[in-house]
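As stored in entry-v1.txt (compact mmCIF, C-alpha atoms):
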```txt
# COMPACT_ATOMS: atom_id res chain seq x y z
CA MET A 1 0.00 0.00 0.00
CA ARG A 2 2.81 2.38 0.94
CA MET A 3 4.65 1.59 -2.30
CA ARG A 4 1.41 2.16 -4.18
CA THR A 5 0.97 5.72 -2.94
CA ILE A 6 4.61 6.44 -3.80
CA GLU A 7 4.14 5.08 -7.30
CA ILE A 8 0.94 7.05 -7.81
CA SER A 9 2.46 10.33 -6.65
CA VAL A 10 5.52 9.80 -8.86
CA GLY A 11 3.13 9.14 -11.75
CA VAL A 12 1.30 12.38 -11.02
CA PHE A 13 4.65 14.18 -10.78
CA MET A 14 5.79 12.93 -14.19
CA LEU A 15 2.44 13.79 -15.71
CA ALA A 16 2.63 17.31 -14.27
CA GLY A 17 6.06 17.70 -15.87
CA ILE A 18 4.81 16.56 -19.26
CA LEU A 19 1.79 18.86 -18.99
CA ALA A 20 4.06 21.77 -18.08
CA LEU A 21 6.22 21.08 -21.13
CA ALA A 22 3.13 20.87 -23.31
CA PHE A 23 1.91 24.18 -21.86
CA LEU A 24 5.26 25.81 -22.64
CA ALA A 25 5.25 24.37 -26.14
CA VAL A 26 1.71 25.27 -27.14
CA GLN A 27 0.66 28.26 -25.08
CA VAL A 28 3.98 30.02 -24.51
CA SER A 29 6.04 29.32 -27.62
CA GLY A 30 3.01 28.97 -29.89
CA LEU A 31 4.37 25.80 -31.45
CA SER A 32 2.16 24.09 -33.98
CA VAL A 33 2.95 21.07 -36.10
CA ARG A 34 2.14 22.91 -39.30
CA ASP A 35 4.74 25.57 -38.57
CA ASN A 36 7.78 23.38 -39.06
CA HIS A 37 6.77 21.66 -42.24
CA ARG A 38 5.54 24.68 -44.05
CA ASP A 39 6.72 24.72 -47.65
CA THR A 40 8.63 27.81 -48.57
CA TYR A 41 10.48 29.23 -51.53
CA LYS A 42 13.37 31.68 -51.57
CA LEU A 43 13.44 35.26 -52.80
CA TYR A 44 16.34 37.71 -52.78
CA ALA A 45 16.62 41.46 -52.52
CA HIS A 46 19.50 43.93 -52.43
CA PHE A 47 19.40 46.87 -50.04
CA THR A 48 21.89 49.74 -49.81
CA ASN A 49 21.35 49.76 -46.06
CA ALA A 50 19.92 46.85 -44.07
CA SER A 51 20.88 48.13 -40.64
CA GLY A 52 18.67 46.83 -37.84
CA LEU A 53 17.27 44.00 -39.94
CA THR A 54 17.88 40.60 -38.33
CA GLU A 55 17.52 36.99 -39.35
CA ARG A 56 14.02 35.66 -38.65
CA ALA A 57 12.57 39.14 -39.14
CA LYS A 58 9.09 39.17 -40.63
CA VAL A 59 8.30 39.57 -44.31
CA SER A 60 4.81 40.89 -44.84
CA VAL A 61 2.39 41.98 -47.52
CA ALA A 62 -0.29 44.43 -46.41
CA GLY A 63 0.57 43.66 -42.80
CA VAL A 64 0.10 39.90 -43.20
CA VAL A 65 3.20 37.83 -42.42
CA ILE A 66 4.07 35.64 -45.40
CA GLY A 67 7.63 34.64 -44.55
CA ARG A 68 10.87 35.26 -42.70
CA VAL A 69 14.31 36.66 -43.45
CA THR A 70 16.66 33.67 -43.49
CA ALA A 71 20.03 35.24 -44.24
CA ILE A 72 21.67 38.65 -44.57
CA MET A 73 25.04 38.89 -46.25
CA LEU A 74 27.22 41.44 -47.97
CA ASP A 75 27.30 41.09 -51.72
CA PRO A 76 31.00 41.46 -52.69
CA LYS A 77 30.13 42.74 -56.18
CA ASP A 78 28.40 45.97 -55.24
CA THR A 79 28.87 46.02 -51.42
CA ARG A 80 25.18 46.12 -50.84
CA ALA A 81 23.31 43.95 -48.37
CA LYS A 82 21.86 40.82 -49.93
CA VAL A 83 18.83 39.55 -48.03
CA GLU A 84 17.48 36.06 -48.45
CA MET A 85 13.82 35.52 -47.58
CA SER A 86 11.81 32.35 -47.44
CA ILE A 87 8.23 32.91 -48.44
CA ASP A 88 5.23 30.66 -47.94
CA LYS A 89 4.58 28.46 -51.04
CA LYS A 90 0.93 29.41 -50.99
CA VAL A 91 1.84 33.04 -51.66
CA ASP A 92 2.74 32.66 -55.35
CA PHE A 93 1.13 35.84 -56.58
CA LEU A 94 3.90 38.37 -55.89
CA THR A 95 4.36 40.30 -59.12
CA SER A 96 7.84 40.81 -60.53
CA ASP A 97 7.56 44.59 -60.13
CA SER A 98 6.92 44.27 -56.36
CA ILE A 99 8.73 46.70 -54.07
CA ALA A 100 10.52 45.46 -50.94
CA ALA A 101 11.01 48.05 -48.21
CA ILE A 102 12.60 47.75 -44.80
CA GLN A 103 10.21 49.29 -42.31
CA THR A 104 10.03 49.70 -38.57
CA ALA A 105 7.18 48.60 -36.35
CA GLY A 106 6.58 51.70 -34.26
CA ILE A 107 9.35 54.23 -33.73
CA LEU A 108 11.64 51.96 -31.72
CA GLY A 109 10.20 48.60 -32.80
CA GLU A 110 11.82 45.82 -34.74
CA LYS A 111 12.60 46.07 -38.44
CA TYR A 112 10.68 44.01 -40.98
CA ILE A 113 10.38 43.81 -44.75
CA ALA A 114 7.16 45.06 -46.28
CA ILE A 115 6.46 43.99 -49.86
CA SER A 116 4.01 46.01 -51.89
CA VAL A 117 2.66 44.15 -54.87
CA GLY A 118 2.52 45.86 -58.27
CA GLY A 119 0.49 45.20 -61.38
CA ASP A 120 2.86 43.24 -63.61
CA PRO A 121 1.35 40.07 -65.12
CA GLU A 122 4.59 38.17 -64.48
CA MET A 123 5.02 36.57 -61.06
CA LEU A 124 8.17 36.09 -58.95
CA LYS A 125 9.47 32.51 -58.89
CA ALA A 126 11.75 30.70 -56.49
CA GLY A 127 15.25 32.20 -56.51
CA ASP A 128 14.14 35.44 -58.15
CA GLU A 129 15.27 38.83 -57.02
CA ILE A 130 13.08 41.76 -56.08
CA ALA A 131 14.68 44.56 -58.08
CA ASP A 132 12.96 47.56 -56.57
CA THR A 133 13.94 48.11 -52.93
CA GLN A 134 13.83 50.81 -50.27
CA SER A 135 16.47 50.73 -47.57
CA ALA A 136 16.11 51.00 -43.84
CA LEU A 137 15.30 54.40 -42.47
CA VAL A 138 18.05 55.21 -39.99
CA LEU A 139 16.57 57.45 -37.33
CA GLU A 140 19.95 58.87 -36.32
CA ASP A 141 20.74 59.97 -39.89
CA LEU A 142 17.37 61.67 -40.11
CA ILE A 143 17.87 63.50 -36.83
CA GLY A 144 21.36 64.50 -37.98
CA LYS A 145 19.97 65.95 -41.24
CA VAL A 146 17.27 67.89 -39.41
CA LEU A 147 19.83 69.29 -37.00
CA THR A 148 22.21 70.40 -39.77
CA ASN A 149 19.28 72.01 -41.61
CA LEU A 150 18.30 73.91 -38.51
CA GLY A 151 21.89 74.95 -37.97
CA SER A 152 22.35 76.20 -41.56
CA LYS A 153 19.11 78.22 -41.43
CA LYS A 154 20.33 80.21 -38.47
CA ASP A 155 23.43 81.37 -40.27
CA MET B 1 58.74 30.67 -0.56
CA LEU B 2 59.44 27.00 -1.04
CA ASN B 3 56.93 26.19 1.69
CA PHE B 4 54.32 28.23 -0.14
CA LEU B 5 55.05 26.42 -3.40
CA GLN B 6 54.84 23.09 -1.64
CA ARG B 7 51.48 23.97 -0.09
CA LEU B 8 50.18 25.13 -3.45
CA GLY B 9 51.31 21.90 -5.10
CA LEU B 10 49.80 19.80 -2.35
CA ASN B 11 46.46 21.59 -2.59
CA GLY B 12 46.47 21.22 -6.35
CA LEU B 13 47.21 17.51 -6.17
CA GLU B 14 44.53 16.98 -3.51
CA THR B 15 41.92 18.79 -5.57
CA LEU B 16 42.82 16.73 -8.62
CA THR B 17 42.62 13.48 -6.62
CA VAL B 18 39.16 14.36 -5.32
CA LEU B 19 38.00 15.29 -8.82
CA GLY B 20 39.39 12.03 -10.16
CA ARG B 21 37.70 10.03 -7.42
CA ALA B 22 34.41 11.83 -8.05
CA GLY B 23 34.67 11.09 -11.77
CA ARG B 24 35.46 7.41 -11.23
CA PHE B 25 32.67 7.20 -8.68
CA TRP B 26 30.15 8.62 -11.16
CA TRP B 27 31.34 6.35 -13.93
CA GLN B 28 31.24 3.22 -11.75
CA ALA B 29 27.76 4.01 -10.48
CA LEU B 30 26.26 4.53 -13.93
CA TRP B 31 28.33 2.00 -15.88
CA GLY B 32 26.99 -1.48 -16.39
CA LEU B 33 23.78 -3.19 -17.39
CA PRO B 34 20.54 -1.87 -15.92
CA ASP B 35 18.98 -3.97 -13.19
CA TRP B 36 15.49 -4.65 -14.53
CA ARG B 37 14.30 -6.52 -11.43
CA ASN B 38 15.00 -3.96 -8.71
CA GLY B 39 15.96 -0.88 -10.72
CA PRO B 40 12.53 0.55 -11.54
CA ARG B 41 11.29 0.13 -7.96
CA LEU B 42 14.36 1.83 -6.50
CA LEU B 43 14.17 4.60 -9.09
CA VAL B 44 10.50 5.30 -8.37
CA ARG B 45 11.28 5.50 -4.67
CA GLN B 46 14.06 8.03 -5.28
CA LEU B 47 11.94 10.03 -7.73
CA TYR B 48 9.44 10.29 -4.90
CA PHE B 49 11.97 11.53 -2.36
CA VAL B 50 13.92 13.76 -4.72
CA GLY B 51 11.18 15.00 -7.03
CA VAL B 52 7.78 14.90 -5.38
CA TYR B 53 9.07 16.23 -2.07
CA SER B 54 10.58 19.25 -3.86
CA LEU B 55 7.31 20.13 -5.56
CA VAL B 56 5.91 22.40 -2.85
CA ILE B 57 8.94 24.68 -2.62
CA ILE B 58 9.23 24.80 -6.42
CA ILE B 59 5.59 25.73 -6.94
CA VAL B 60 5.46 28.35 -4.19
CA SER B 61 8.69 30.05 -5.27
CA GLY B 62 7.63 29.82 -8.91
CA ILE B 63 4.41 31.73 -8.27
CA PHE B 64 6.20 34.47 -6.35
CA ILE B 65 9.06 34.84 -8.81
CA GLY B 66 6.59 35.13 -11.68
CA MET B 67 4.58 37.74 -9.80
CA VAL B 68 7.61 39.81 -8.86
CA LEU B 69 9.01 39.62 -12.38
CA ALA B 70 5.71 40.85 -13.82
CA LEU B 71 5.47 43.67 -11.30
CA GLN B 72 9.03 44.88 -11.80
CA GLY B 73 8.87 44.47 -15.56
CA TYR B 74 5.61 46.38 -15.71
CA THR B 75 6.85 49.38 -13.73
CA VAL B 76 9.82 49.76 -16.10
CA LEU B 77 8.04 48.95 -19.37
CA VAL B 78 5.05 51.18 -18.72
CA ARG B 79 7.39 54.17 -18.61
CA PHE B 80 8.16 53.58 -22.29
CA GLY B 81 4.58 52.67 -23.12
CA ALA B 82 5.72 49.15 -23.90
CA ASP B 83 3.75 47.26 -21.27
CA GLN B 84 2.48 44.93 -24.00
CA ALA B 85 5.97 43.44 -24.10
CA LEU B 86 5.54 42.16 -20.56
CA GLY B 87 4.65 38.66 -21.78
CA GLN B 88 7.84 38.21 -23.74
CA LEU B 89 10.00 39.74 -21.02
CA VAL B 90 8.65 37.39 -18.38
CA SER B 91 8.55 34.25 -20.50
CA LEU B 92 12.01 34.66 -22.03
CA ALA B 93 13.62 35.47 -18.68
CA LEU B 94 11.96 32.45 -17.11
CA ILE B 95 12.43 29.88 -19.83
CA ARG B 96 16.01 30.75 -20.69
CA GLU B 97 17.50 31.59 -17.31
CA LEU B 98 15.45 31.91 -14.18
CA GLY B 99 13.46 28.70 -14.51
CA PRO B 100 16.39 26.28 -14.82
CA VAL B 101 18.71 28.23 -12.49
CA VAL B 102 16.36 29.08 -9.62
CA ALA B 103 14.74 25.66 -9.71
CA ALA B 104 18.22 24.11 -9.60
CA LEU B 105 19.31 26.29 -6.67
CA LEU B 106 16.17 25.34 -4.74
CA PHE B 107 16.68 21.71 -5.70
CA ALA B 108 20.25 21.81 -4.42
CA GLY B 109 19.07 23.18 -1.10
CA ARG B 110 16.06 20.93 -0.79
CA ALA B 111 17.10 17.60 -2.29
CA GLY B 112 20.89 17.81 -2.59
CA SER B 113 21.49 18.40 1.10
CA ALA B 114 19.07 15.59 2.00
CA LEU B 115 20.89 13.19 -0.31
CA THR B 116 24.28 14.04 1.20
CA ALA B 117 23.03 13.67 4.77
CA GLU B 118 21.31 10.38 3.99
CA ILE B 119 24.29 8.78 2.31
CA GLY B 120 26.73 10.23 4.83
CA LEU B 121 24.72 8.67 7.63
CA MET B 122 24.55 5.37 5.75
CA LYS B 123 28.31 5.46 5.63
CA ALA B 124 28.68 6.49 9.30
CA THR B 125 26.39 3.68 10.46
CA GLU B 126 28.29 1.29 8.15
CA GLN B 127 25.26 0.34 6.10
CA LEU B 128 27.29 0.75 2.92
CA ALA B 129 30.05 -1.50 4.27
CA SER B 130 27.57 -4.20 5.30
CA MET B 131 25.96 -4.08 1.87
CA GLU B 132 29.33 -4.81 0.33
CA MET B 133 29.73 -7.61 2.85
CA ILE B 134 26.61 -9.43 1.64
CA GLY B 135 27.67 -8.97 -1.95
CA VAL B 136 25.50 -6.01 -2.97
CA ASP B 137 27.30 -3.20 -4.74
CA PRO B 138 26.24 -0.01 -2.92
CA LEU B 139 27.19 2.05 -5.97
CA LYS B 140 24.61 0.22 -8.05
CA ARG B 141 22.02 -0.24 -5.35
CA VAL B 142 22.16 3.12 -3.56
CA ILE B 143 23.93 5.63 -5.78
CA ARG B 144 22.73 4.81 -9.26
CA PRO B 145 18.96 5.29 -8.69
CA ARG B 146 19.65 8.59 -6.95
CA LEU B 147 21.74 9.90 -9.84
CA TRP B 148 19.05 8.96 -12.34
CA ALA B 149 16.30 10.39 -10.15
CA GLY B 150 18.08 13.75 -10.03
CA MET B 151 18.59 13.82 -13.79
CA ILE B 152 14.94 12.94 -14.44
CA SER B 153 13.21 15.09 -11.85
CA MET B 154 15.21 18.29 -12.34
CA PRO B 155 13.86 19.06 -15.85
CA ILE B 156 10.35 18.17 -14.70
CA LEU B 157 10.64 20.51 -11.73
CA ALA B 158 12.06 23.30 -13.91
CA GLN B 159 9.20 23.03 -16.40
CA ILE B 160 6.63 23.06 -13.59
CA PHE B 161 8.43 26.09 -12.16
CA ASN B 162 8.22 27.88 -15.53
CA MET B 163 4.55 27.11 -15.97
CA VAL B 164 3.58 28.21 -12.48
CA ALA B 165 5.71 31.36 -12.73
CA ILE B 166 4.04 32.34 -16.00
CA TRP B 167 0.68 31.88 -14.32
CA GLY B 168 1.88 34.12 -11.50
CA ALA B 169 2.92 36.70 -14.08
CA VAL B 170 -0.50 36.47 -15.74
CA ALA B 171 -2.18 36.96 -12.37
CA VAL B 172 -0.22 40.14 -11.69
CA GLY B 173 0.19 41.50 -15.22
CA VAL B 174 -3.15 40.72 -16.79
CA ASP B 175 -5.59 40.40 -13.91
CA TRP B 176 -4.22 43.07 -11.61
CA LEU B 177 -2.35 45.60 -13.78
CA HIS B 178 -4.62 45.14 -16.82
CA VAL B 179 -2.09 44.49 -19.54
CA ASP B 180 -4.13 43.40 -22.55
CA THR B 181 -4.55 39.60 -22.48
CA GLY B 182 -4.33 39.18 -26.23
CA SER B 183 -1.12 41.13 -26.73
CA PHE B 184 0.39 39.56 -23.60
CA TRP B 185 0.06 36.06 -25.02
CA SER B 186 0.67 36.87 -28.69
CA ASN B 187 3.85 38.82 -27.93
CA MET B 188 4.98 35.93 -25.79
CA GLN B 189 4.27 33.41 -28.53
CA SER B 190 6.03 35.41 -31.21
CA ALA B 191 9.10 35.92 -29.01
CA VAL B 192 9.52 32.42 -27.58
CA GLU B 193 10.85 29.80 -29.95
CA PHE B 194 10.32 26.16 -28.96
CA ARG B 195 13.60 24.74 -30.30
CA GLU B 196 15.73 27.73 -29.31
CA ASP B 197 14.32 28.60 -25.91
CA VAL B 198 12.26 25.81 -24.40
CA VAL B 199 14.50 22.94 -25.49
CA ASN B 200 17.68 24.76 -24.50
CA GLY B 201 16.19 25.49 -21.08
CA LEU B 202 15.33 21.81 -20.79
CA ILE B 203 18.90 20.80 -21.65
CA LYS B 204 20.19 23.23 -19.03
CA SER B 205 18.03 21.72 -16.32
CA VAL B 206 19.06 18.15 -17.21
CA VAL B 207 22.72 19.20 -16.87
CA PHE B 208 22.02 20.95 -13.57
CA GLY B 209 20.16 17.91 -12.22
CA ALA B 210 23.04 15.63 -13.13
CA VAL B 211 25.65 17.95 -11.59
CA ILE B 212 23.71 18.59 -8.36
CA THR B 213 23.02 14.93 -7.63
CA TRP B 214 26.55 13.99 -8.58
CA ILE B 215 27.99 16.52 -6.12
CA ALA B 216 25.46 15.63 -3.41
CA VAL B 217 25.87 11.89 -3.64
CA PHE B 218 29.65 12.05 -3.89
CA GLN B 219 29.95 14.39 -0.92
CA GLY B 220 27.85 11.97 1.13
CA TYR B 221 29.84 8.96 -0.03
CA ASP B 222 33.16 10.72 0.55
CA ALA B 223 32.23 12.29 3.91
CA VAL B 224 34.24 11.71 7.06
CA PRO B 225 31.90 9.33 8.90
CA THR B 226 31.34 11.46 11.97
CA SER B 227 28.58 13.96 12.80
CA GLU B 228 30.91 16.90 12.04
CA GLY B 229 31.99 15.23 8.83
CA ILE B 230 28.41 14.84 7.65
CA SER B 231 27.49 18.39 8.51
CA ALA B 232 30.56 19.70 6.68
CA ALA B 233 29.71 17.51 3.68
CA THR B 234 26.14 18.82 3.60
CA THR B 235 27.39 22.41 3.63
CA ARG B 236 29.87 21.62 0.86
CA THR B 237 27.09 20.10 -1.23
CA VAL B 238 24.99 23.25 -1.12
CA VAL B 239 27.93 25.60 -1.68
CA TYR B 240 29.58 23.61 -4.46
CA SER B 241 26.39 22.84 -6.32
CA SER B 242 25.21 26.47 -6.17
CA LEU B 243 28.54 27.67 -7.55
CA ALA B 244 28.57 24.90 -10.15
CA ILE B 245 25.05 25.82 -11.30
CA LEU B 246 25.92 29.49 -11.79
CA GLY B 247 29.21 28.75 -13.51
CA ILE B 248 27.81 26.09 -15.82
CA ASP B 249 24.82 28.30 -16.55
CA PHE B 250 27.10 31.00 -17.89
CA LEU B 251 28.95 28.53 -20.09
CA LEU B 252 25.75 26.96 -21.41
CA THR B 253 24.20 30.37 -22.06
CA ALA B 254 27.30 31.50 -23.94
CA VAL B 255 27.14 28.38 -26.10
CA MET B 256 23.36 28.35 -26.63
CA PHE B 257 22.41 32.00 -26.88
CA GLY B 258 25.81 33.62 -27.39
CA VAL B 259 26.34 36.26 -30.02
CA ASN B 260 27.38 34.63 -33.25
```

So, in terms of structure tokens, how does the structure I just supplied come out?
Amino acid sequence: MRMRTIEISVGVFMLAGILALAFLAVQVSGLSVRDNHRDTYKLYAHFTNASGLTERAKVSVAGVVIGRVTAIMLDPKDTRAKVEMSIDKKVDFLTSDSIAAIQTAGILGEKYIAISVGGDPEMLKAGDEIADTQSALVLEDLIGKVLTNLGSKKD
Amino acid sequence: MLNFLQRLGLNGLETLTVLGRAGRFWWQALWGLPDWRNGPRLLVRQLYFVGVYSLVIIIVSGIFIGMVLALQGYTVLVRFGADQALGQLVSLALIRELGPVVAALLFAGRAGSALTAEIGLMKATEQLASMEMIGVDPLKRVIRPRLWAGMISMPILAQIFNMVAIWGAVAVGVDWLHVDTGSFWSNMQSAVEFREDVVNGLIKSVVFGAVITWIAVFQGYDAVPTSEGISAATTRTVVYSSLAILGIDFLLTAVMFGVN
């Protein structure tokens, strides 16, 4: 009988641990089975300035997340930042004249890539490059410009 | 000068001998075929003493740490109008660092000291020696189930600690301070990554469990078999395992989450 209560409480203990892990997986980290096996395809874009953009940053169209940034590297040919994105397979209607812009969520928020779709009949395929890009807005540069403008006006 | 050098050398050699003995001890206890007849029963018994008994302290401290974290985080974040980020602050701090580390420190105080005292007393009352006499290997019979029990129950305790602490944070942040429920959870879910954060935290706590029980059991087994010896060994267990947890935690964090 004594051994039985011990075994039961150890069983409850183990179960509580498994439930806690499940809670952390589902509720806290938002893990779902679909997430890992989602089919994606790769797109590329060159930016003159990708400061603040990180790997795993969001890629969105009209505010809807359609993919993630998977790699950021320096292109040795033109010393611009080459950004690799993996986009959901289901989103196969990005036109080839789409514009990719690095934007900021809020003033101090994280950087993400916003794609605005154009009207070209031709669609982007896997491995294609988005030609038209807008670089990251660097707040410090902007402040610096405003300050120099103010300073020059006084003179 | 020569005396100083000699003392230094002696201390160094002694430390190395103890480390070597501890390593051999660990290896001998875990090496060999599992004992299917008695093993599970002994393991369940130890899981009960090491794991279930530690539940109360883990749950109570978890709730309070979660509540304090939410309160402190809120007062700072609300100044920048970023109180929606409370969920990710609390969950990342808990899952990556506080959960494994604080649970391990509590575990060292609660279960580690008990293990050392128990085994030290077994040695002082010559139970271990009599076991050897009747042909039972005390390393396999006494030490091995305790080592396994520590390695198994530590991650379970840490996960329970995380869960309870997040509930505590929800109680303070959402129910009391009125952070929006939806953004609390969705920010948390977008910030926490299962493979990166939860699994790495789990690995940390397995390592901590193994190290704590190793230190505890070895200190008991190696204790001078007197009442002073056992009390000194119990103190050493708590001090060494706390230091080991913090040191190893830094190393593991640097490897897992370090800047690349």

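For the set A:Asn149, A:Phe93, A:Glu84, A:Met3, the residue with the smallest atom-to-atom gap to Ala45 in chain A is A:Glu84, counting all atoms listed in the file.
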
Enumerate, in order of chain and increasing residue number, the residues of range 121-221 of chain B with an atom no farther than 6 Å from range 14-28 of chain A, each with its shortest atom pair and distance in Å to one decimal, counting all atoms listed in the file, as a tab-separated table.
```
residue	atom	partner	partner_atom	distance
B:Ile156	CA	A:Gly17	CA	4.5
B:Gln159	CA	A:Ala20	CA	5.6
B:Ile160	CA	A:Ala20	CA	5.3
B:Met163	CA	A:Ala20	CA	5.8
B:Gln189	CA	A:Val28	CA	5.3
```

Just want the 6 Å neighbourhood of range 81-84 of chain B, counted on all atoms listed in the file, with same-chain residues fewer than 4 positions away dropped. Output as an MDAnalysis selection string.
chainID B and resid 74 77 183:184

Near Val61 in chain A, within 9 Å and counting only C-alpha atoms, which residues show up once chain neighbours fewer than 3 positions away are dropped, as a tab-separated table (two decimals) with C-alpha atoms, keeping the file's coordinate frame?
```tsv
chain	number	residue	atom	x	y	z
A	64	VAL	CA	0.10	39.90	-43.20
A	65	VAL	CA	3.20	37.83	-42.42
A	66	ILE	CA	4.07	35.64	-45.40
A	113	ILE	CA	10.38	43.81	-44.75
A	114	ALA	CA	7.16	45.06	-46.28
A	115	ILE	CA	6.46	43.99	-49.86
A	116	SER	CA	4.01	46.01	-51.89
A	117	VAL	CA	2.66	44.15	-54.87
```

Excluding Gly23 in chain B and residues on its chain fewer than 5 positions from it, collect all residues at most 10 Å away from it, counting all atoms listed in the file, and give them as a VMD selection string.
chain B and resid 17 to 18 28 to 29 214 218
